[in-house]
>>> print(open('protein16.cif').read())   # mmCIF, C-alpha atoms
data_work
loop_
_atom_site.label_atom_id
_atom_site.label_comp_id
_atom_site.auth_asym_id
_atom_site.auth_seq_id
_atom_site.Cartn_x
_atom_site.Cartn_y
_atom_site.Cartn_z
CA MET A 1 54.25 75.74 -29.12
CA GLU A 2 55.77 74.53 -25.84
CA GLY A 3 53.41 72.11 -24.19
CA THR A 4 51.86 70.84 -27.42
CA ARG A 5 51.48 67.08 -27.11
CA MET A 6 51.44 64.44 -29.82
CA ARG A 7 48.42 62.18 -29.83
CA GLY A 8 48.92 58.63 -31.02
CA SER A 9 52.11 56.72 -31.62
CA ILE A 10 54.52 57.82 -34.29
CA THR A 11 56.92 55.02 -33.49
CA ALA A 12 54.23 52.49 -34.32
CA LEU A 13 54.34 53.70 -37.91
CA ALA A 14 58.06 54.32 -38.21
CA CYS A 15 60.96 52.13 -39.17
CA ALA A 16 64.06 52.11 -37.02
CA CYS A 17 65.37 55.63 -37.42
CA VAL A 18 68.34 57.46 -36.00
CA LEU A 19 69.35 61.08 -35.80
CA PRO A 20 72.52 61.94 -37.70
CA ALA A 21 75.23 63.49 -35.57
CA SER A 22 74.22 66.91 -36.88
CA LEU A 23 70.65 66.49 -35.58
CA GLY A 24 69.86 66.71 -31.91
CA THR A 25 73.13 68.39 -30.94
CA ALA A 26 72.68 70.57 -27.87
CA GLN A 27 73.54 74.08 -28.99
CA ALA A 28 71.99 77.49 -29.29
CA GLY A 29 70.25 78.16 -32.57
CA ASP A 30 70.76 81.12 -34.85
CA ALA A 31 68.26 83.54 -36.38
CA LYS A 32 69.40 86.11 -38.91
CA ARG A 33 67.45 88.74 -40.82
CA SER A 34 68.55 89.98 -44.26
CA PRO A 35 67.15 91.74 -47.35
CA PHE A 36 65.93 89.50 -50.17
CA GLY A 37 64.51 91.78 -52.86
CA THR A 38 62.15 94.58 -53.76
CA LEU A 39 58.58 94.38 -55.03
CA PRO A 40 57.59 96.38 -58.14
CA ASP A 41 55.95 98.98 -55.88
CA GLY A 42 59.21 99.51 -53.96
CA ARG A 43 58.40 97.58 -50.79
CA ALA A 44 61.27 95.56 -49.38
CA VAL A 45 61.09 91.79 -48.93
CA GLU A 46 63.15 90.24 -46.16
CA GLU A 47 64.45 86.76 -45.45
CA VAL A 48 65.00 85.21 -42.02
CA THR A 49 67.41 82.28 -41.69
CA LEU A 50 66.90 79.87 -38.81
CA ALA A 51 69.60 77.30 -38.04
CA ASN A 52 69.55 74.69 -35.33
CA GLY A 53 70.77 71.13 -34.80
CA GLY A 54 71.88 70.62 -38.39
CA LEU A 55 68.72 72.01 -40.03
CA THR A 56 68.52 75.37 -41.79
CA ALA A 57 65.26 77.08 -42.81
CA ARG A 58 64.86 80.31 -44.75
CA ILE A 59 61.56 82.18 -44.57
CA LEU A 60 60.45 85.13 -46.71
CA THR A 61 58.10 87.92 -45.72
CA TRP A 62 56.53 87.59 -49.18
CA GLY A 63 53.75 85.07 -48.73
CA ALA A 64 55.21 84.11 -45.32
CA LEU A 65 56.82 81.30 -47.30
CA LEU A 66 59.41 78.65 -46.56
CA ARG A 67 62.05 79.15 -49.27
CA THR A 68 64.61 76.53 -48.25
CA LEU A 69 64.86 73.72 -45.72
CA GLU A 70 68.21 71.96 -45.50
CA VAL A 71 68.06 68.53 -43.84
CA PRO A 72 70.88 65.96 -43.34
CA ASP A 73 70.66 62.44 -44.78
CA ARG A 74 71.80 59.27 -43.00
CA THR A 75 75.46 60.23 -43.61
CA GLY A 76 75.00 63.77 -42.30
CA ARG A 77 75.04 65.36 -45.75
CA ALA A 78 72.48 68.16 -45.98
CA ALA A 79 70.24 68.91 -48.96
CA ASP A 80 67.45 71.40 -49.55
CA VAL A 81 64.21 69.38 -49.51
CA VAL A 82 61.64 72.00 -50.61
CA LEU A 83 60.94 73.46 -54.05
CA GLY A 84 61.47 77.17 -54.61
CA TYR A 85 63.44 79.91 -56.33
CA THR A 86 66.75 81.67 -55.82
CA ASP A 87 65.27 85.15 -56.15
CA LEU A 88 62.08 87.11 -55.68
CA ALA A 89 61.44 87.31 -59.42
CA GLY A 90 60.68 83.60 -59.55
CA TYR A 91 57.99 83.87 -56.88
CA LEU A 92 56.40 86.83 -58.65
CA LYS A 93 56.50 85.29 -62.13
CA ALA A 94 55.43 81.69 -61.43
CA PRO A 95 54.55 81.30 -57.75
CA ASN A 96 53.08 77.78 -57.92
CA TYR A 97 52.33 78.10 -54.18
CA PHE A 98 55.90 76.97 -53.44
CA GLY A 99 56.30 77.05 -49.64
CA VAL A 100 53.66 79.69 -49.08
CA SER A 101 51.15 80.36 -46.33
CA VAL A 102 47.73 80.00 -47.95
CA GLY A 103 44.51 81.67 -46.84
CA ARG A 104 42.06 83.08 -46.07
CA TYR A 105 40.70 79.68 -47.08
CA ALA A 106 43.16 77.00 -48.21
CA ASN A 107 42.00 74.54 -50.86
CA ARG A 108 38.82 74.83 -52.96
CA ILE A 109 35.38 76.36 -52.47
CA ARG A 110 32.71 75.31 -54.95
CA ALA A 111 31.77 78.01 -57.48
CA GLY A 112 33.49 80.61 -55.31
CA ARG A 113 30.40 80.95 -53.14
CA PHE A 114 29.34 80.28 -49.55
CA THR A 115 26.61 81.39 -47.17
CA LEU A 116 27.17 82.56 -43.61
CA ASP A 117 24.35 83.61 -41.26
CA GLY A 118 21.96 83.82 -44.19
CA ARG A 119 24.16 86.09 -46.28
CA ASP A 120 25.72 84.98 -49.56
CA TYR A 121 29.37 85.75 -50.27
CA THR A 122 31.07 85.64 -53.69
CA LEU A 123 34.78 84.95 -54.14
CA ALA A 124 37.09 85.11 -57.13
CA ARG A 125 37.02 81.98 -59.30
CA ASN A 126 40.70 81.36 -59.84
CA ASP A 127 40.64 77.58 -60.39
CA GLY A 128 38.25 76.90 -63.23
CA PRO A 129 34.75 77.39 -61.79
CA ASN A 130 35.99 77.35 -58.19
CA ALA A 131 37.87 79.48 -55.67
CA LEU A 132 41.30 78.20 -54.64
CA HIS A 133 43.68 79.10 -51.80
CA GLY A 134 42.11 82.43 -50.91
CA GLY A 135 41.67 83.92 -54.37
CA ARG A 136 43.70 85.74 -56.99
CA GLU A 137 45.64 87.63 -54.33
CA GLY A 138 45.44 85.37 -51.32
CA PHE A 139 47.78 85.40 -48.35
CA ASP A 140 50.47 83.82 -50.54
CA LYS A 141 50.68 87.00 -52.60
CA ARG A 142 50.79 89.46 -49.70
CA LEU A 143 53.73 91.07 -47.91
CA TRP A 144 53.75 90.00 -44.28
CA THR A 145 55.42 91.99 -41.48
CA ILE A 146 58.03 90.54 -39.14
CA THR A 147 57.00 91.08 -35.53
CA ALA A 148 59.66 89.00 -33.77
CA VAL A 149 62.93 87.22 -34.50
CA ARG A 150 64.29 85.10 -31.65
CA GLU A 151 67.56 83.24 -31.17
CA GLY A 152 68.31 80.68 -28.47
CA ALA A 153 67.36 77.06 -27.90
CA THR A 154 64.50 77.29 -30.43
CA PRO A 155 65.13 80.10 -32.93
CA SER A 156 61.98 81.47 -34.52
CA VAL A 157 60.39 84.19 -36.60
CA THR A 158 56.83 85.50 -36.29
CA LEU A 159 55.09 87.21 -39.21
CA HIS A 160 51.87 89.21 -39.22
CA TYR A 161 49.24 90.11 -41.81
CA VAL A 162 45.89 91.90 -41.52
CA SER A 163 43.37 90.99 -44.21
CA ALA A 164 40.84 93.81 -44.61
CA ASP A 165 37.11 93.27 -44.27
CA GLY A 166 35.92 92.28 -47.75
CA GLU A 167 39.36 91.38 -49.10
CA GLU A 168 38.89 88.78 -51.84
CA GLY A 169 35.21 88.69 -50.83
CA TYR A 170 35.65 87.39 -47.27
CA PRO A 171 33.82 89.08 -44.39
CA GLY A 172 35.59 90.54 -41.36
CA ALA A 173 39.04 92.01 -40.84
CA LEU A 174 41.23 88.98 -40.14
CA THR A 175 44.45 89.36 -38.15
CA ALA A 176 46.74 86.44 -38.96
CA ASN A 177 50.08 85.43 -37.46
CA VAL A 178 52.47 82.62 -38.30
CA THR A 179 55.51 81.49 -36.33
CA TYR A 180 58.25 79.31 -37.78
CA ALA A 181 60.39 77.68 -35.05
CA LEU A 182 63.29 75.25 -35.38
CA ASP A 183 64.34 73.08 -32.43
CA ALA A 184 67.56 71.15 -31.89
CA GLY A 185 65.79 67.80 -32.19
CA GLY A 186 65.07 68.09 -35.90
CA THR A 187 61.57 69.59 -35.82
CA LEU A 188 60.28 72.60 -37.73
CA THR A 189 57.04 73.92 -36.21
CA VAL A 190 54.73 76.22 -38.18
CA GLU A 191 51.91 77.69 -36.09
CA TYR A 192 49.07 79.77 -37.55
CA THR A 193 46.66 81.84 -35.46
CA ALA A 194 43.92 84.25 -36.52
CA THR A 195 41.21 86.48 -35.04
CA THR A 196 38.36 88.31 -36.78
CA THR A 197 36.13 91.36 -36.35
CA LYS A 198 33.09 89.64 -37.93
CA PRO A 199 31.95 86.04 -38.36
CA THR A 200 34.01 84.58 -41.22
CA ILE A 201 35.58 81.36 -42.50
CA VAL A 202 39.24 80.50 -42.03
CA ASN A 203 41.51 77.68 -43.19
CA LEU A 204 45.23 78.47 -43.09
CA THR A 205 48.01 76.04 -43.92
CA ASN A 206 51.49 75.75 -45.36
CA HIS A 207 51.94 74.67 -48.98
CA SER A 208 55.56 73.51 -49.07
CA PHE A 209 56.50 71.03 -51.80
CA PHE A 210 58.85 68.35 -50.43
CA ASN A 211 61.31 66.04 -52.11
CA LEU A 212 63.32 64.23 -49.43
CA ALA A 213 65.95 63.25 -51.97
CA GLY A 214 66.65 66.97 -52.45
CA GLU A 215 64.96 69.46 -54.75
CA GLY A 216 68.00 69.40 -57.01
CA SER A 217 68.45 65.63 -57.02
CA GLY A 218 66.62 65.05 -60.32
CA ARG A 219 64.68 62.23 -58.67
CA THR A 220 60.91 62.07 -58.35
CA ILE A 221 58.94 61.30 -55.19
CA LEU A 222 57.45 58.11 -56.67
CA ASP A 223 59.86 55.95 -54.64
CA HIS A 224 59.10 57.85 -51.43
CA ILE A 225 57.24 55.64 -48.97
CA LEU A 226 54.10 57.25 -47.56
CA THR A 227 51.92 56.48 -44.56
CA ILE A 228 48.67 58.36 -43.86
CA PRO A 229 46.74 57.06 -40.83
CA ALA A 230 43.32 57.72 -42.37
CA GLU A 231 40.54 55.21 -42.92
CA ARG A 232 38.52 57.58 -45.11
CA TYR A 233 38.98 60.28 -47.72
CA THR A 234 36.78 62.75 -49.62
CA PRO A 235 36.30 61.85 -53.31
CA VAL A 236 36.05 64.74 -55.77
CA ASP A 237 34.13 65.65 -58.90
CA GLU A 238 35.64 66.62 -62.25
CA THR A 239 36.56 70.09 -60.89
CA LEU A 240 38.27 68.58 -57.78
CA ILE A 241 35.49 69.70 -55.42
CA PRO A 242 34.45 67.07 -52.85
CA THR A 243 31.27 65.26 -53.82
CA GLY A 244 30.13 65.18 -50.18
CA GLU A 245 30.90 61.51 -49.76
CA ILE A 246 33.33 60.41 -47.05
CA ALA A 247 34.54 57.14 -48.52
CA PRO A 248 36.65 54.30 -47.11
CA VAL A 249 40.21 54.01 -48.41
CA ALA A 250 40.17 50.21 -48.07
CA GLY A 251 40.54 48.49 -51.42
CA THR A 252 41.45 51.71 -53.25
CA PRO A 253 44.69 53.40 -54.36
CA PHE A 254 44.08 55.82 -51.46
CA ASP A 255 44.90 53.29 -48.75
CA PHE A 256 48.14 54.45 -47.18
CA ARG A 257 47.46 53.03 -43.73
CA LYS A 258 50.42 50.77 -44.37
CA ALA A 259 53.62 52.29 -45.69
CA THR A 260 53.39 52.26 -49.50
CA PRO A 261 55.55 53.72 -52.30
CA ILE A 262 53.74 56.73 -53.77
CA GLY A 263 54.28 55.44 -57.29
CA ALA A 264 52.75 52.04 -56.62
CA ARG A 265 49.19 53.04 -57.58
CA ILE A 266 49.44 56.65 -58.77
CA ARG A 267 48.69 55.64 -62.40
CA ASP A 268 45.85 53.23 -61.63
CA GLY A 269 43.45 54.52 -64.27
CA ARG A 270 40.80 52.02 -63.20
CA ASP A 271 39.98 54.35 -60.33
CA PRO A 272 38.15 57.47 -61.59
CA GLN A 273 39.50 59.48 -58.66
CA ILE A 274 43.06 58.94 -59.86
CA VAL A 275 42.02 60.06 -63.35
CA ARG A 276 40.27 63.18 -62.05
CA GLY A 277 43.23 64.24 -59.92
CA ARG A 278 45.84 63.17 -62.48
CA GLY A 279 47.14 61.20 -59.53
CA TYR A 280 46.75 62.20 -55.90
CA ASP A 281 45.18 65.57 -55.07
CA HIS A 282 42.76 64.57 -52.32
CA ASN A 283 41.84 65.25 -48.71
CA PHE A 284 42.33 62.42 -46.20
CA VAL A 285 40.12 62.29 -43.10
CA VAL A 286 42.48 61.72 -40.16
CA THR A 287 40.15 62.86 -37.36
CA PRO A 288 36.48 63.94 -37.43
CA ALA A 289 37.28 67.47 -36.18
CA PRO A 290 40.23 69.58 -34.96
CA THR A 291 41.83 68.21 -31.80
CA PRO A 292 43.30 69.97 -28.75
CA ASP A 293 46.70 68.37 -29.35
CA THR A 294 48.64 67.48 -32.46
CA HIS A 295 48.35 64.06 -34.04
CA LEU A 296 50.25 62.34 -36.83
CA VAL A 297 48.78 63.07 -40.26
CA ALA A 298 51.50 61.63 -42.51
CA ARG A 299 54.92 60.01 -42.58
CA VAL A 300 57.25 60.04 -45.60
CA GLU A 301 60.54 58.21 -46.09
CA ASP A 302 63.07 58.40 -48.91
CA PRO A 303 64.82 55.01 -48.89
CA ALA A 304 67.82 56.26 -50.85
CA SER A 305 68.84 59.11 -48.54
CA GLY A 306 67.26 57.73 -45.39
CA ARG A 307 65.47 61.01 -44.70
CA VAL A 308 62.19 60.63 -42.84
CA MET A 309 59.58 63.33 -42.31
CA GLU A 310 56.69 62.98 -39.87
CA VAL A 311 53.96 65.59 -40.21
CA ALA A 312 51.61 66.29 -37.31
CA SER A 313 48.84 68.83 -36.77
CA ASN A 314 45.72 69.54 -34.75
CA GLN A 315 43.67 69.71 -37.96
CA PRO A 316 41.25 66.94 -39.05
CA GLY A 317 42.34 66.55 -42.66
CA VAL A 318 45.48 66.47 -44.75
CA GLN A 319 45.52 67.25 -48.46
CA PHE A 320 47.98 64.96 -50.22
CA TYR A 321 49.10 66.40 -53.55
CA ALA A 322 51.70 64.55 -55.61
CA GLY A 323 52.76 67.47 -57.81
CA ASN A 324 50.55 66.31 -60.68
CA PHE A 325 50.28 69.74 -62.31
CA LEU A 326 53.99 70.66 -62.28
CA ASP A 327 54.73 71.07 -65.96
CA ALA A 328 58.49 71.85 -66.28
CA THR A 329 57.90 75.58 -66.81
CA ALA A 330 59.28 76.48 -63.37
CA VAL A 331 63.07 76.39 -63.06
CA GLY A 332 64.06 75.97 -59.42
CA LYS A 333 66.98 76.77 -57.14
CA SER A 334 69.26 74.11 -58.60
CA GLY A 335 68.56 75.04 -62.21
CA LEU A 336 66.28 72.07 -62.83
CA SER A 337 62.81 72.27 -64.34
CA TYR A 338 60.22 71.02 -61.88
CA ARG A 339 58.10 68.31 -63.50
CA GLN A 340 55.17 66.12 -62.55
CA SER A 341 55.87 64.07 -59.40
CA ASP A 342 59.03 66.02 -58.58
CA ALA A 343 57.60 66.85 -55.14
CA LEU A 344 54.65 66.30 -52.85
CA ALA A 345 52.61 68.57 -50.60
CA LEU A 346 50.97 67.51 -47.34
CA GLU A 347 48.64 70.27 -46.18
CA PRO A 348 46.94 69.86 -42.77
CA GLN A 349 43.61 71.71 -42.79
CA VAL A 350 39.85 71.46 -42.50
CA PHE A 351 38.27 69.70 -45.44
CA PRO A 352 37.90 71.38 -48.86
CA ASP A 353 34.59 73.18 -49.45
CA THR A 354 33.60 72.79 -45.79
CA PRO A 355 31.51 76.03 -45.85
CA ASN A 356 29.20 74.33 -48.40
CA GLN A 357 29.32 70.84 -46.86
CA PRO A 358 27.65 70.73 -43.40
CA ALA A 359 28.66 67.08 -42.93
CA PHE A 360 32.32 68.14 -43.02
CA GLY A 361 32.11 70.22 -39.82
CA THR A 362 32.80 73.93 -39.76
CA ALA A 363 35.39 76.48 -40.86
CA ARG A 364 33.65 79.31 -39.00
CA LEU A 365 35.53 81.82 -36.84
CA ASP A 366 33.67 84.31 -34.65
CA PRO A 367 34.90 87.49 -32.95
CA GLY A 368 36.46 86.69 -29.60
CA ALA A 369 37.65 83.25 -30.72
CA THR A 370 41.11 82.31 -32.01
CA TYR A 371 41.77 80.03 -34.96
CA ARG A 372 44.86 77.84 -34.54
CA ASN A 373 46.66 75.38 -36.81
CA VAL A 374 49.88 73.89 -35.43
CA ILE A 375 51.96 71.91 -37.94
CA THR A 376 55.15 70.07 -37.03
CA TYR A 377 57.63 68.55 -39.47
CA ARG A 378 59.91 66.16 -37.59
CA PHE A 379 62.99 64.95 -39.48
CA SER A 380 65.20 61.98 -38.83
CA ALA A 381 67.29 59.59 -40.90
CA GLY A 382 66.81 55.87 -41.29
CA ALA A 383 69.70 53.49 -40.82
CA ALA A 384 71.25 51.99 -43.93
CA LYS A 385 69.48 48.85 -45.19
#
>>> encode(input="protein16.cif", output="structure tokens")
Amino acid sequence: MEGTRMRGSITALACACVLPASLGTAQAGDAKRSPFGTLPDGRAVEEVTLANGGLTARILTWGALLRTLEVPDRTGRAADVVLGYTDLAGYLKAPNYFGVSVGRYANRIRAGRFTLDGRDYTLARNDGPNALHGGREGFDKRLWTITAVREGATPSVTLHYVSADGEEGYPGALTANVTYALDAGGTLTVEYTATTTKPTIVNLTNHSFFNLAGEGSGRTILDHILTIPAERYTPVDETLIPTGEIAPVAGTPFDFRKATPIGARIRDGRDPQIVRGRGYDHNFVVTPAPTPDTHLVARVEDPASGRVMEVASNQPGVQFYAGNFLDATAVGKSGLSYRQSDALALEPQVFPDTPNQPAFGTARLDPGATYRNVITYRFSAGAAK
């Protein structure tokens, strides 16, 4: 992660922001490992707590998921800004992809089928007629192994999972690793890498649901102000599979090139894409292909608390999902039912259904090559207005 550079200018998109006193303080970070629960088959699930510069992140070995992320507001008061549960039972009963690492292929694949080197592969259809987020038992429903826990200037935890050849229908044994690292400047970095024994497809990302007001605030994300530096997006059909078109955002509710409240156009039923997604559940084209360095994919600000989150990655697309399918059946850490628009997800990745859409590029990984997705979440707090 050291040496990763940011392409483009974040400050050009940002308002005047300051770090609270609790962010950016020069001090050694902490990393602590503790038990969290037991799976029905008796395997132990662990939690690693990273603390640094006023931020605290808790990561589970189940699904390599981010369970909590405490971030200060403009007054220095911290709140947990990601949806999740207090215990393991919640994640087993109603996972909802809260905070998880998704793979082997994040997002949707049409009809659960793709062809690689002339051979057809069939995947589980777990999202209507399509495959979603790696299948019925994707990486989010697997127990990962901790390989390293590090304290110091940038505390971190590295988790490891080997997906067997043929698991969920995917070819090749895939060795995946993810490192969560928390620096003193207010940045959480999540880095995915993977290697394979056979040609395969890979698309790993993090599926945290964010509410910068706090997951227990009772406020929606409709007043959050969003910027996505993308001139184009990929429209979807009735099953949320890309149609193949790469369409301009100009003149549509999908134009977030200028900072715009999420709720401003989320109910614009004149646009069939809003109707199909029940709001926003679409991939935005930030770059044509993965880049050597990270680049800004989204910026979110909560005016009330002042919290700002800038998301960067080396991936070409970002899936913006406004929590449209949250239905109040999940009761979260603060005892509140999570409802529609209570949180948003920003998932850097290659485009949905890329294996069936040659114009989208490639999701292919060959033996000897290494897949890499670096995601950074940089937090700051805006000055009072």
>>> residues_around(input="protein16.cif", residues="region 37-39 of chain A", least_positions_apart="2", cutoff="12 Å", atoms="only C-alpha atoms", output="PyMOL selection string")
chain A and resi 34-35+41-47+60-62+86-93+141-143
>>> residues_around(input="protein16.cif", residues="Leu174 (chain A)", least_positions_apart="2", cutoff="12 Å", atoms="all atoms listed in the file", output="PyMOL selection string")
chain A and resi 103-105+139+160-168+170-172+176-177+193-204+365-371
>>> residues_around(input="protein16.cif", residues="Asp302 (chain A)", least_positions_apart="4", cutoff="10 Å", atoms="only C-alpha atoms", output="list in words")
Asp73, Asn211, Leu212, Ala213, Gly214, Ile221, Leu222, Asp223, His224, Ile225, Leu226, Pro261, Gly306, Arg307, Val308, Met309, Ala381 and Gly382 of chain A
>>> closest_residue(input="protein16.cif", among="A:Gly53, A:Arg219, A:Phe379, A:Val286", to="Pro248 (chain A)", atoms="all atoms listed in the file")
A:Val286
>>> resolve_selection(input="protein16.cif", expression="the PyMOL selection byres ((chain A and resi 262) around 12)", output="number ranges by chain")
A: 220-228, 253-256, 258-261, 263-268, 279-280, 299-302, 320-323, 341-344
>>> write_last_selection(input="protein16.cif", atoms="C-alpha atoms", output="PDB file, in the coordinates of the input")
ATOM      1  CA  THR A 220      60.910  62.070 -58.350  1.00  0.00           C
ATOM      2  CA  ILE A 221      58.940  61.300 -55.190  1.00  0.00           C
ATOM      3  CA  LEU A 222      57.450  58.110 -56.670  1.00  0.00           C
ATOM      4  CA  ASP A 223      59.860  55.950 -54.640  1.00  0.00           C
ATOM      5  CA  HIS A 224      59.100  57.850 -51.430  1.00  0.00           C
ATOM      6  CA  ILE A 225      57.240  55.640 -48.970  1.00  0.00           C
ATOM      7  CA  LEU A 226      54.100  57.250 -47.560  1.00  0.00           C
ATOM      8  CA  THR A 227      51.920  56.480 -44.560  1.00  0.00           C
ATOM      9  CA  ILE A 228      48.670  58.360 -43.860  1.00  0.00           C
ATOM     10  CA  PRO A 253      44.690  53.400 -54.360  1.00  0.00           C
ATOM     11  CA  PHE A 254      44.080  55.820 -51.460  1.00  0.00           C
ATOM     12  CA  ASP A 255      44.900  53.290 -48.750  1.00  0.00           C
ATOM     13  CA  PHE A 256      48.140  54.450 -47.180  1.00  0.00           C
ATOM     14  CA  LYS A 258      50.420  50.770 -44.370  1.00  0.00           C
ATOM     15  CA  ALA A 259      53.620  52.290 -45.690  1.00  0.00           C
ATOM     16  CA  THR A 260      53.390  52.260 -49.500  1.00  0.00           C
ATOM     17  CA  PRO A 261      55.550  53.720 -52.300  1.00  0.00           C
ATOM     18  CA  GLY A 263      54.280  55.440 -57.290  1.00  0.00           C
ATOM     19  CA  ALA A 264      52.750  52.040 -56.620  1.00  0.00           C
ATOM     20  CA  ARG A 265      49.190  53.040 -57.580  1.00  0.00           C
ATOM     21  CA  ILE A 266      49.440  56.650 -58.770  1.00  0.00           C
ATOM     22  CA  ARG A 267      48.690  55.640 -62.400  1.00  0.00           C
ATOM     23  CA  ASP A 268      45.850  53.230 -61.630  1.00  0.00           C
ATOM     24  CA  GLY A 279      47.140  61.200 -59.530  1.00  0.00           C
ATOM     25  CA  TYR A 280      46.750  62.200 -55.900  1.00  0.00           C
ATOM     26  CA  ARG A 299      54.920  60.010 -42.580  1.00  0.00           C
ATOM     27  CA  VAL A 300      57.250  60.040 -45.600  1.00  0.00           C
ATOM     28  CA  GLU A 301      60.540  58.210 -46.090  1.00  0.00           C
ATOM     29  CA  ASP A 302      63.070  58.400 -48.910  1.00  0.00           C
ATOM     30  CA  PHE A 320      47.980  64.960 -50.220  1.00  0.00           C
ATOM     31  CA  TYR A 321      49.100  66.400 -53.550  1.00  0.00           C
ATOM     32  CA  ALA A 322      51.700  64.550 -55.610  1.00  0.00           C
ATOM     33  CA  GLY A 323      52.760  67.470 -57.810  1.00  0.00           C
ATOM     34  CA  SER A 341      55.870  64.070 -59.400  1.00  0.00           C
ATOM     35  CA  ASP A 342      59.030  66.020 -58.580  1.00  0.00           C
ATOM     36  CA  ALA A 343      57.600  66.850 -55.140  1.00  0.00           C
ATOM     37  CA  LEU A 344      54.650  66.300 -52.850  1.00  0.00           C
TER      38      LEU A 344
END
>>> atom_distance(input="protein16.cif", atom1="CA of Ala111 (chain A)", atom2="CA of Phe351 (chain A)")
16.0 Å
>>> atom_distance(input="protein16.cif", atom1="CA of Val48 (chain A)", atom2="CA of Thr179 (chain A)")
11.7 Å
>>> closest_atom_pairs(input="protein16.cif", of="region 19-116 of chain A", to="region 234-247 of chain A", cutoff="12 Å", atoms="only C-alpha atoms", output="Markdown table")
| residue | atom | partner | partner_atom | distance |
| --- | --- | --- | --- | --- |
| A:Asn107 | CA | A:Ile241 | CA | 9.3 |
| A:Arg108 | CA | A:Ile241 | CA | 6.6 |
| A:Ile109 | CA | A:Ile241 | CA | 7.3 |
| A:Arg110 | CA | A:Ile241 | CA | 6.3 |
| A:Ala111 | CA | A:Ile241 | CA | 9.3 |
| A:Gly112 | CA | A:Ile241 | CA | 11.1 |
>>> write_last_selection(input="protein16.cif", atoms="C-alpha atoms", output="short mmCIF file (atom, residue, chain, number, x, y, z; two decimals), in the frame of the given file")
data_model
loop_
_atom_site.label_atom_id
_atom_site.label_comp_id
_atom_site.auth_asym_id
_atom_site.auth_seq_id
_atom_site.Cartn_x
_atom_site.Cartn_y
_atom_site.Cartn_z
CA ASN A 107 42.00 74.54 -50.86
CA ARG A 108 38.82 74.83 -52.96
CA ILE A 109 35.38 76.36 -52.47
CA ARG A 110 32.71 75.31 -54.95
CA ALA A 111 31.77 78.01 -57.48
CA GLY A 112 33.49 80.61 -55.31
#
>>> atom_distance(input="protein16.cif", atom1="CA of Leu346 (chain A)", atom2="CA of Phe284 (chain A)")
10.1 Å
>>> resolve_selection(input="protein16.cif", expression="the PyMOL selection byres ((chain A and resi 334) around 9)", output="MDAnalysis selection string")
chainID A and resid 85:86 215:217 331:333 335:337
>>> decode(input="protein16.cif", residues="region 311-322 of chain A", atoms="N, CA and C atoms", output="PDB file, in the first residue's frame")
ATOM      1  N   VAL A 311     -13.543   8.184  -1.687  1.00  0.00           N
ATOM      2  CA  VAL A 311     -13.251   6.799  -2.039  1.00  0.00           C
ATOM      3  C   VAL A 311     -12.403   6.787  -3.298  1.00  0.00           C
ATOM      4  N   ALA A 312     -11.289   6.083  -3.253  1.00  0.00           N
ATOM      5  CA  ALA A 312     -10.407   5.968  -4.408  1.00  0.00           C
ATOM      6  C   ALA A 312     -10.086   4.504  -4.645  1.00  0.00           C
ATOM      7  N   SER A 313      -9.751   4.173  -5.885  1.00  0.00           N
ATOM      8  CA  SER A 313      -9.409   2.799  -6.249  1.00  0.00           C
ATOM      9  C   SER A 313      -8.659   2.813  -7.569  1.00  0.00           C
ATOM     10  N   ASN A 314      -8.061   1.674  -7.895  1.00  0.00           N
ATOM     11  CA  ASN A 314      -7.446   1.501  -9.216  1.00  0.00           C
ATOM     12  C   ASN A 314      -8.411   0.860 -10.212  1.00  0.00           C
ATOM     13  N   GLN A 315      -9.652   0.620  -9.797  1.00  0.00           N
ATOM     14  CA  GLN A 315     -10.627  -0.050 -10.648  1.00  0.00           C
ATOM     15  C   GLN A 315     -11.368   0.949 -11.550  1.00  0.00           C
ATOM     16  N   PRO A 316     -11.902   0.476 -12.689  1.00  0.00           N
ATOM     17  CA  PRO A 316     -12.501   1.405 -13.654  1.00  0.00           C
ATOM     18  C   PRO A 316     -13.912   1.858 -13.312  1.00  0.00           C
ATOM     19  N   GLY A 317     -14.644   1.055 -12.552  1.00  0.00           N
ATOM     20  CA  GLY A 317     -16.031   1.372 -12.269  1.00  0.00           C
ATOM     21  C   GLY A 317     -16.305   1.468 -10.784  1.00  0.00           C
ATOM     22  N   VAL A 318     -17.421   2.088 -10.448  1.00  0.00           N
ATOM     23  CA  VAL A 318     -17.899   2.086  -9.070  1.00  0.00           C
ATOM     24  C   VAL A 318     -19.406   1.878  -9.111  1.00  0.00           C
ATOM     25  N   GLN A 319     -19.867   0.854  -8.398  1.00  0.00           N
ATOM     26  CA  GLN A 319     -21.295   0.600  -8.281  1.00  0.00           C
ATOM     27  C   GLN A 319     -21.836   1.462  -7.147  1.00  0.00           C
ATOM     28  N   PHE A 320     -22.761   2.338  -7.480  1.00  0.00           N
ATOM     29  CA  PHE A 320     -23.416   3.166  -6.474  1.00  0.00           C
ATOM     30  C   PHE A 320     -24.786   2.573  -6.191  1.00  0.00           C
ATOM     31  N   TYR A 321     -24.975   2.140  -4.942  1.00  0.00           N
ATOM     32  CA  TYR A 321     -26.226   1.525  -4.508  1.00  0.00           C
ATOM     33  C   TYR A 321     -26.742   2.311  -3.314  1.00  0.00           C
ATOM     34  N   ALA A 322     -27.960   2.801  -3.409  1.00  0.00           N
ATOM     35  CA  ALA A 322     -28.529   3.686  -2.387  1.00  0.00           C
ATOM     36  C   ALA A 322     -29.386   2.957  -1.364  1.00  0.00           C
TER      37      ALA A 322
END
